[in-house]
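Engineer: Got protein_32.txt for you, compact mmCIF, C-alpha atoms:
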# COMPACT_ATOMS: atom_id res chain seq x y z
CA MET A 26 244.51 38.23 -165.68
CA GLU A 27 246.06 35.36 -167.64
CA SER A 28 243.59 32.78 -168.87
CA LYS A 29 243.51 29.70 -166.77
CA ARG A 30 242.56 26.20 -167.70
CA ILE A 31 240.94 25.76 -164.30
CA GLU A 32 237.17 26.28 -164.22
CA ILE A 33 236.46 28.21 -161.10
CA ASN A 34 233.87 30.69 -159.95
CA GLU A 35 236.38 33.25 -158.76
CA ASP A 36 235.30 36.86 -158.35
CA LEU A 37 238.16 39.10 -157.35
CA LEU A 38 236.12 42.28 -157.25
CA PHE A 39 233.67 40.74 -154.83
CA GLN A 40 236.54 39.25 -152.84
CA ARG A 41 238.25 42.62 -152.39
CA ARG A 42 235.02 44.23 -151.35
CA SER A 43 234.44 41.37 -148.94
CA TRP A 44 237.81 41.93 -147.35
CA LYS A 45 237.06 45.63 -146.84
CA VAL A 46 233.73 44.83 -145.23
CA GLN A 47 235.45 42.30 -142.98
CA ARG A 48 238.01 44.82 -141.80
CA ALA A 49 235.25 47.30 -141.01
CA ALA A 50 233.32 44.61 -139.19
CA TRP A 51 236.35 43.82 -137.03
CA ALA A 52 236.50 47.46 -135.97
CA VAL A 53 232.82 47.33 -135.03
CA MET A 54 233.38 44.13 -133.06
CA ALA A 55 236.25 45.74 -131.17
CA LEU A 56 234.03 48.69 -130.32
CA LEU A 57 231.25 46.42 -129.11
CA ILE A 58 233.63 44.49 -126.89
CA ALA A 59 235.03 47.73 -125.49
CA GLY A 60 231.46 48.78 -124.79
CA GLY A 61 230.77 45.48 -123.09
CA ILE A 62 233.79 45.83 -120.85
CA LEU A 63 232.85 49.36 -119.91
CA GLY A 64 229.37 48.28 -119.00
CA LEU A 65 227.37 49.57 -121.96
CA PHE A 66 225.46 46.29 -122.00
CA GLY A 67 225.06 45.98 -118.26
CA SER A 68 227.36 45.46 -115.26
CA GLY A 69 230.25 47.85 -115.51
CA PRO A 70 231.31 51.45 -114.85
CA LEU A 71 229.02 52.93 -117.49
CA SER A 72 226.08 51.14 -116.05
CA ARG A 73 226.34 51.99 -112.36
CA ALA A 74 224.22 54.93 -111.35
CA ARG A 75 223.00 56.68 -108.23
CA ALA A 76 219.96 58.81 -107.71
CA GLY A 77 218.79 60.94 -104.87
CA ALA A 78 220.48 63.74 -102.92
CA SER A 79 223.98 62.54 -102.13
CA GLY A 80 224.75 61.92 -98.49
CA GLN A 81 221.11 62.22 -97.50
CA PRO A 82 218.84 59.23 -97.57
CA PRO A 83 216.96 58.07 -99.49
CA VAL A 84 219.70 57.23 -101.95
CA LEU A 85 219.23 54.74 -104.76
CA GLU A 86 221.97 52.70 -106.47
CA TYR A 87 220.91 50.96 -109.66
CA SER A 88 222.13 49.79 -113.07
CA ARG A 89 221.39 51.98 -116.04
CA PHE A 90 221.65 48.98 -118.33
CA ALA A 91 220.22 45.58 -117.56
CA ARG A 92 219.48 42.44 -119.51
CA PHE A 93 216.29 40.49 -119.98
CA GLN A 94 215.86 37.83 -117.31
CA ALA A 95 219.28 38.48 -115.85
CA SER A 96 219.61 39.46 -112.20
CA THR A 97 220.40 43.04 -111.38
CA ILE A 98 220.69 44.82 -108.03
CA LEU A 99 218.80 47.78 -106.69
CA ARG A 100 220.08 49.25 -103.45
CA VAL A 101 218.13 51.76 -101.39
CA GLN A 102 219.49 53.62 -98.42
CA VAL A 103 216.66 54.92 -96.27
CA GLN A 104 215.92 56.37 -92.91
CA GLN A 105 212.41 54.95 -92.68
CA GLY A 106 210.19 52.74 -94.77
CA PHE A 107 209.79 53.47 -98.48
CA TRP A 108 207.60 52.64 -101.44
CA ILE A 109 208.29 51.54 -104.99
CA ALA A 110 206.03 52.20 -107.97
CA ALA A 111 203.83 49.19 -108.70
CA GLU A 112 204.24 49.51 -112.47
CA TYR A 113 207.98 49.04 -112.05
CA LEU A 114 207.62 45.99 -109.81
CA GLU A 115 205.14 44.42 -112.21
CA ARG A 116 207.84 44.29 -114.83
CA MET A 117 210.28 42.61 -112.51
CA GLN A 118 210.60 39.30 -110.83
CA ILE A 119 211.84 39.96 -107.33
CA GLU A 120 214.33 37.29 -106.36
CA SER A 121 215.16 38.54 -102.91
CA ILE A 122 214.94 41.53 -100.61
CA THR A 123 217.67 41.81 -98.02
CA PRO A 124 216.83 42.48 -95.22
CA GLU A 125 213.33 41.05 -95.42
CA PRO A 126 210.66 43.69 -94.93
CA ALA A 127 208.59 43.60 -91.77
CA THR A 128 205.50 44.62 -93.68
CA THR A 129 204.60 44.85 -97.33
CA GLU A 130 201.58 47.00 -98.11
CA ALA A 131 200.05 47.38 -101.50
CA ALA A 132 198.18 50.31 -102.99
CA THR A 133 196.98 50.94 -106.53
CA ASP A 134 200.15 52.50 -107.77
CA ARG A 135 202.78 51.52 -105.22
CA VAL A 136 204.03 48.89 -102.86
CA SER A 137 205.23 50.09 -99.49
CA TYR A 138 207.87 48.36 -97.35
CA THR A 139 208.69 48.85 -93.70
CA PHE A 140 211.50 47.25 -91.79
CA SER A 141 212.12 46.31 -88.16
CA ARG A 142 214.93 48.48 -86.85
CA LEU A 143 217.67 47.76 -84.35
CA GLU A 144 218.77 51.41 -84.32
CA PRO A 145 215.83 53.54 -85.45
CA SER A 146 217.99 56.65 -85.82
CA GLN A 147 220.47 55.09 -88.27
CA PRO A 148 219.74 54.71 -92.00
CA ILE A 149 219.58 51.19 -93.40
CA THR A 150 220.47 49.78 -96.80
CA VAL A 151 217.99 47.48 -98.47
CA THR A 152 219.15 45.35 -101.39
CA PHE A 153 216.69 44.11 -104.02
CA ARG A 154 217.81 41.35 -106.32
CA ILE A 155 215.51 41.55 -109.35
CA LYS A 156 215.13 40.12 -112.84
CA PRO A 157 213.57 42.27 -115.55
CA GLN A 158 210.76 40.52 -117.38
CA HIS A 159 210.33 43.14 -120.09
CA ILE A 160 212.61 44.49 -122.76
CA GLY A 161 213.14 48.18 -123.39
CA VAL A 162 212.99 51.26 -121.23
CA LEU A 163 211.74 50.77 -117.68
CA ARG A 164 210.83 53.78 -115.62
CA GLY A 165 210.69 53.48 -111.87
CA ARG A 166 209.89 55.64 -108.92
CA ILE A 167 210.96 55.27 -105.33
CA GLY A 168 210.01 57.51 -102.47
CA SER A 169 209.52 57.69 -98.78
CA SER A 170 207.39 59.81 -96.50
CA GLU A 171 210.26 62.15 -95.70
CA SER A 172 211.32 63.09 -99.20
CA GLN A 173 210.53 63.68 -102.81
CA THR A 174 210.11 60.89 -105.28
CA ILE A 175 213.28 59.57 -106.89
CA ARG A 176 212.77 58.83 -110.55
CA PHE A 177 215.06 56.53 -112.45
CA SER A 178 215.04 54.62 -115.70
CA GLN A 179 216.80 51.55 -116.96
CA PHE A 180 217.25 50.11 -120.38
CA VAL A 181 216.79 46.35 -120.58
CA TYR A 182 218.57 44.61 -123.44
CA PRO A 183 216.88 41.55 -124.95
CA MET B 14 206.46 34.14 -130.43
CA GLU B 15 209.58 34.59 -128.38
CA SER B 16 211.02 31.22 -129.41
CA VAL B 17 210.79 32.02 -133.10
CA VAL B 18 212.31 35.47 -132.67
CA ARG B 19 215.17 34.12 -130.57
CA ALA B 20 215.98 31.35 -133.04
CA PHE B 21 215.84 33.77 -135.97
CA ALA B 22 218.00 36.38 -134.25
CA ILE B 23 220.63 33.92 -133.11
CA TYR B 24 220.84 32.15 -136.46
CA MET B 25 221.31 35.46 -138.27
CA PHE B 26 223.86 36.69 -135.77
CA VAL B 27 225.99 33.54 -135.90
CA LEU B 28 225.77 33.48 -139.69
CA LEU B 29 226.84 37.10 -139.88
CA ALA B 30 229.61 36.57 -137.33
CA PHE B 31 231.07 33.66 -139.27
CA ARG B 32 230.92 35.49 -142.58
CA LEU B 33 232.66 38.44 -141.02
CA THR B 34 235.46 36.64 -139.21
CA GLY B 35 236.79 35.10 -142.38
CA LYS B 36 236.85 31.71 -143.98
CA ARG B 37 239.43 29.91 -141.91
CA SER B 38 237.37 29.71 -138.74
CA LEU B 39 235.14 27.11 -140.38
CA ALA B 40 237.87 24.77 -141.48
CA GLN B 41 238.58 23.25 -138.04
CA ILE B 42 242.16 22.47 -138.79
CA THR B 43 243.77 23.24 -135.48
CA PRO B 44 242.62 22.70 -131.89
CA PHE B 45 242.29 26.47 -131.76
CA ASP B 46 239.52 26.53 -134.37
CA PHE B 47 237.87 23.46 -132.91
CA VAL B 48 237.66 24.94 -129.41
CA LEU B 49 236.09 28.05 -130.85
CA LEU B 50 233.32 26.15 -132.58
CA LEU B 51 232.71 23.93 -129.59
CA ILE B 52 232.36 26.81 -127.17
CA MET B 53 230.21 28.85 -129.52
CA GLY B 54 227.76 25.98 -129.63
CA GLU B 55 227.53 26.04 -125.87
CA ALA B 56 227.08 29.79 -125.74
CA THR B 57 224.15 29.82 -128.12
CA GLN B 58 222.30 26.94 -126.51
CA GLN B 59 221.11 28.85 -123.48
CA ALA B 60 220.13 31.86 -125.52
CA LEU B 61 218.04 29.73 -127.87
CA LEU B 62 215.96 28.16 -125.14
CA GLY B 63 215.89 30.88 -122.49
CA ASP B 64 214.35 29.44 -119.36
CA ASP B 65 211.76 27.46 -121.27
CA PHE B 66 212.73 23.82 -121.36
CA SER B 67 209.48 22.49 -122.70
CA VAL B 68 209.39 20.15 -125.67
CA THR B 69 207.17 22.64 -127.51
CA ASN B 70 209.80 25.32 -127.25
CA ALA B 71 212.45 22.96 -128.57
CA PHE B 72 210.21 22.04 -131.51
CA LEU B 73 209.55 25.68 -132.35
CA VAL B 74 213.22 26.56 -132.24
CA ILE B 75 214.23 23.60 -134.39
CA LEU B 76 211.44 24.29 -136.88
CA THR B 77 212.41 27.93 -137.13
CA LEU B 78 216.04 27.07 -137.79
CA MET B 79 215.16 24.52 -140.46
CA THR B 80 212.72 26.88 -142.13
CA LEU B 81 215.38 29.58 -142.19
CA ASP B 82 217.78 27.14 -143.75
CA ILE B 83 215.27 26.24 -146.46
CA CYS B 84 214.39 29.88 -147.11
CA LEU B 85 218.02 30.86 -147.48
CA ALA B 86 218.69 27.92 -149.76
CA LEU B 87 215.78 28.98 -151.99
CA ILE B 88 216.91 32.59 -152.03
CA LYS B 89 220.44 31.55 -152.90
CA GLY B 90 219.11 29.56 -155.81
CA ARG B 91 217.35 32.60 -157.19
CA SER B 92 219.96 35.29 -156.67
CA ARG B 93 223.59 34.92 -157.69
CA ARG B 94 224.52 38.01 -155.74
CA LEU B 95 222.96 36.82 -152.54
CA GLU B 96 224.61 33.47 -152.97
CA LYS B 97 227.97 35.17 -153.09
CA TRP B 98 227.21 37.22 -150.00
CA LEU B 99 226.00 34.21 -148.05
CA ASP B 100 228.37 31.52 -149.24
CA ASP B 101 231.49 33.38 -150.37
CA VAL B 102 233.50 32.55 -153.51
CA PRO B 103 236.56 30.36 -154.00
CA LEU B 104 239.98 31.97 -154.37
CA ILE B 105 243.13 30.77 -156.09
CA ILE B 106 246.05 31.21 -153.69
CA VAL B 107 248.85 29.33 -155.44
CA GLU B 108 249.39 29.34 -159.18
CA ASN B 109 252.01 27.17 -160.88
CA GLY B 110 254.05 26.71 -157.75
CA ARG B 111 254.01 30.42 -156.89
CA PRO B 112 252.08 31.47 -153.79
CA LEU B 113 250.05 34.64 -154.35
CA LYS B 114 251.23 36.41 -151.24
CA ASP B 115 248.81 39.33 -151.21
CA ARG B 116 245.77 37.05 -151.43
CA MET B 117 247.15 34.70 -148.83
CA ALA B 118 247.83 37.52 -146.40
CA LYS B 119 244.33 38.93 -146.77
CA SER B 120 242.80 35.48 -146.34
CA GLN B 121 245.01 34.69 -143.35
CA VAL B 122 246.43 31.56 -144.95
CA ASP B 123 250.13 30.90 -144.82
CA GLU B 124 252.34 28.68 -146.95
CA GLU B 125 252.49 26.02 -144.28
CA ASP B 126 248.70 25.62 -144.51
CA VAL B 127 248.98 25.06 -148.26
CA LEU B 128 251.84 22.60 -147.88
CA GLU B 129 249.91 20.69 -145.25
CA ALA B 130 246.93 20.39 -147.58
CA GLY B 131 249.31 19.23 -150.30
CA ARG B 132 250.68 16.48 -148.09
CA ARG B 133 247.30 15.39 -146.82
CA LEU B 134 245.35 15.42 -150.06
CA GLN B 135 247.88 14.63 -152.73
CA GLY B 136 250.98 13.40 -150.97
CA LEU B 137 252.97 16.31 -152.37
CA GLU B 138 256.29 17.33 -150.93
CA ARG B 139 257.08 20.76 -152.32
CA MET B 140 255.31 23.94 -153.36
CA GLU B 141 256.54 23.62 -156.95
CA GLN B 142 254.57 20.38 -157.33
CA ILE B 143 251.35 22.36 -156.88
CA LYS B 144 249.68 23.65 -160.02
CA TYR B 145 246.78 25.35 -158.28
CA ALA B 146 245.85 25.68 -154.64
CA VAL B 147 242.32 26.97 -154.09
CA LEU B 148 240.90 28.35 -150.87
CA GLU B 149 237.38 26.96 -151.11
CA ARG B 150 234.24 28.56 -149.75
CA SER B 151 234.29 26.12 -146.85
CA GLY B 152 237.64 27.47 -145.67
CA GLY B 153 239.46 24.31 -146.71
CA ILE B 154 242.22 24.21 -149.27
CA SER B 155 242.09 22.06 -152.42
CA ILE B 156 245.23 21.13 -154.27
CA ILE B 157 245.64 20.43 -157.96
CA PRO B 158 249.03 18.89 -158.55
CA ARG B 159 251.22 19.54 -161.56
CA ALA B 160 251.08 16.74 -164.07
CA GLY B 161 253.59 14.08 -163.13
CA SER B 162 253.60 14.98 -159.44
CA GLU B 163 250.67 12.93 -158.20
CA VAL B 164 251.59 10.46 -155.52
CA SER B 165 248.93 8.49 -153.73
CA PRO B 166 248.94 9.60 -150.07
CA ALA B 167 248.75 6.00 -148.87
CA THR B 168 251.85 4.80 -150.71
CA GLY B 169 253.79 8.05 -150.83
CA ASP B 170 257.26 7.55 -149.52
CA ALA B 171 258.86 10.47 -147.74
CA GLY B 172 262.28 8.94 -148.16
CA LEU B 173 262.66 7.93 -144.53
CA ASN B 174 264.07 4.48 -145.42
CA GLU B 175 267.51 5.98 -145.50
CA LEU B 176 267.41 6.30 -141.73
What is this file in structure tokens?
Structural biologist:
Amino acid sequence: MESKRIEINEDLLFQRRSWKVQRAAWAVMALLIAGGILGLFGSGPLSRARAGASGQPPVLEYSRFARFQASTILRVQVQQGFWIAAEYLERMQIESITPEPATTEAATDRVSYTFSRLEPSQPITVTFRIKPQHIGVLRGRIGSSESQTIRFSQFVYP
Amino acid sequence: MESVVRAFAIYMFVLLAFRLTGKRSLAQITPFDFVLLLIMGEATQQALLGDDFSVTNAFLVILTLMTLDICLALIKGRSRRLEKWLDDVPLIIVENGRPLKDRMAKSQVDEEDVLEAGRRLQGLERMEQIKYAVLERSGGISIIPRAGSEVSPATGDAGLNEL
């Protein structure tokens, strides 16, 4: 490089390396945004999940990915009343249960809900609106008297 | 503990994000850049406080941010390398009236940006009046005029009298 009379702290080697790192970072950013759109960080196609034998209640719809203190929805389709593992509920703040349960009964490891029925032979869908209060992997269990336990897990981002 | 971790994480993330998007985003020249900075401020506010609006939480967050600032300043003083990584280095983009196109392209600066700085800072009219144009660490452009070209911006006459 020609000598300059300007005193300046230029560092071309560092600058070129910087530019390479920047380009790589832009690619990472694009990937993260694509992930966000697809639901990798909650609310999107990658995040929606179902558990339970399809077509036969109880069936659970939940989000694989959730965020700390952000509402997420849990939907249960049941024939009768059902229970949810207490350790799962402890880590959540329940904002609403629609329809409201007729009874809520607590045991050591579970909380059991029953609902008043208009048509006892038809399955009903219960929607929980909940906010995770813990970060990390959350394991839950849901079951009812007529079936096996449904296990599911969610990852809560900070 | 949560307040400190939040403040730390957000500070680091925003710092990293700015360093990675390139210098120009800091310079606030156009409404485009200004809107970006404005909205980013709004986006981070909620994340810093969470749902805790107590005065104590605000104090903790502010203290954490200031402490981080002091720590980084001290570290920069000790390590030249880290200072370069955190603060960037200046770059000459015009030399003796000739724009260095490769550098300008990589830095996302175009000739109009340089000419605008020339008009604003030195009252210069043409590229050839510029001896050096430097893209500073802040994202702004400094102009060193060629000897004999300096015109005070306040009295500079763009030759509009002829109209």
Engineer: Using all atoms listed in the file, I'd like every residue of chain A that has an atom within 7 Å of chain B; please write them out as a list of chain:residue names.
Structural biologist: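 Within 7 Å of chain B on chain A, we get A:Asn34, A:Glu35, A:Asp36, A:Gln47, A:Ala50.
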Engineer: Which residue out of B:Ser67, B:Thr77, B:Asn109, B:Gln121 has the minimum interatomic distance to Ile143 (chain B) when only C-alpha atoms are used?
Structural biologist: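 So, comparing all the options, the nearest one is B:Asn109.
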Engineer: So that I can see what lies close to Phe153 (chain A), please list as a PyMOL selection string the residues with an atom at most 8 Å from it, counting all atoms listed in the file and leaving out residues fewer than 2 positions away in the same chain.
Structural biologist: chain A and resi 98-100+119-123+151+155
Engineer: Which residue gives the smallest distance to Gln81 (chain A) among A:Trp108, A:Ile58, A:Gln118, A:Ser172, with all atoms listed in the file counted?
Structural biologist: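 For Gln81 (chain A), the nearest of the given residues is A:Ser172.
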Engineer: Excluding Leu114 (chain A) and residues on its chain fewer than 5 positions from it, collect all residues at most 9 Å away from it, counting all atoms listed in the file, and give them as a list in words.
Structural biologist: Ile109, Ile119, Arg135, Val136 and Gly165 of chain A
Engineer: For Arg164 (chain A), which residue among A:Ser137, A:Thr97, A:Gln102, A:Ser178 is the nearest when counting all atoms listed in the file?
Structural biologist: A:Ser178
Engineer: Excluding Pro70 (chain A) and residues on its chain fewer than 2 positions from it, collect all residues at most 12 Å away from it, counting all atoms listed in the file, and give them as a list in words.
Structural biologist: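 Skipping anything fewer than 2 positions along the chain leaves Ala59, Gly60, Gly61, Ile62, Leu63, Gly64, Leu65, Phe66, Gly67, Ser68, Ser72, Arg73, Ala74, Arg75, Tyr87, Ser88, Arg89 and Phe90 of chain A.
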Engineer: Excluding region 124-127 of chain A and residues on its chain fewer than 3 positions from it, collect all residues at most 8 Å away from it, counting only C-alpha atoms, and give them as a ChimeraX atom specification.
Structural biologist: /A:138-141,151-152
Engineer: What is the distance between CA of Val162 (chain A) and CA of Glu112 (chain A), in Å to one decimal?
Structural biologist: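 About the pair CA of Val162 (chain A) and CA of Glu112 (chain A): they are 12.5 Å apart.
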Engineer: Counting only C-alpha atoms, which of B:Asn70, B:Ser155, B:Ala60, B:Lys114 gets nearest to Phe26 (chain B)?
Structural biologist: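 The answer is B:Ala60, which sits nearest to Phe26 (chain B).
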Engineer: Would you place a box with edges along x, y and z of the file around all atoms of region 70-78 of chain B listed there, add 6 Å to each of its six sides, and report the centre and edge lengths in Å to one decimal, as lines of an AutoDock Vina configuration file?
Structural biologist:
center_x = 212.8
center_y = 25.0
center_z = -132.5
size_x = 18.5
size_y = 17.9
size_z = 22.5
Engineer: Rank B:Met14, B:Ser151, B:Ala146, B:Phe31 by their smallest atom-to-atom distance to Ile31 (chain A), using only C-alpha atoms, and report the top residue only.
Structural biologist: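 Answer, going by the shortest atom-to-atom distance: B:Ala146.
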Engineer: At what distance in Å, to one decimal, does CA of Glu138 (chain B) lie from CA of Arg111 (chain B)?
Structural biologist: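 For CA of Arg111 (chain B) relative to CA of Glu138 (chain B), the distance reads 14.6 Å.
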Engineer: Between CA of Arg150 (chain B) and CA of Gln58 (chain B), measure the distance and give it in Å to one decimal.
Structural biologist: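 Answer for the CA of Arg150 (chain B) to CA of Gln58 (chain B) separation: 26.2 Å.
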Engineer: Point out the residue among A:Ala111, A:Val103, A:Leu56, A:Ala76 with the least atom-to-atom distance to Arg176 (chain A), counting only C-alpha atoms.
Structural biologist: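 Using only C-alpha atoms, Arg176 (chain A) sits closest to A:Ala76.
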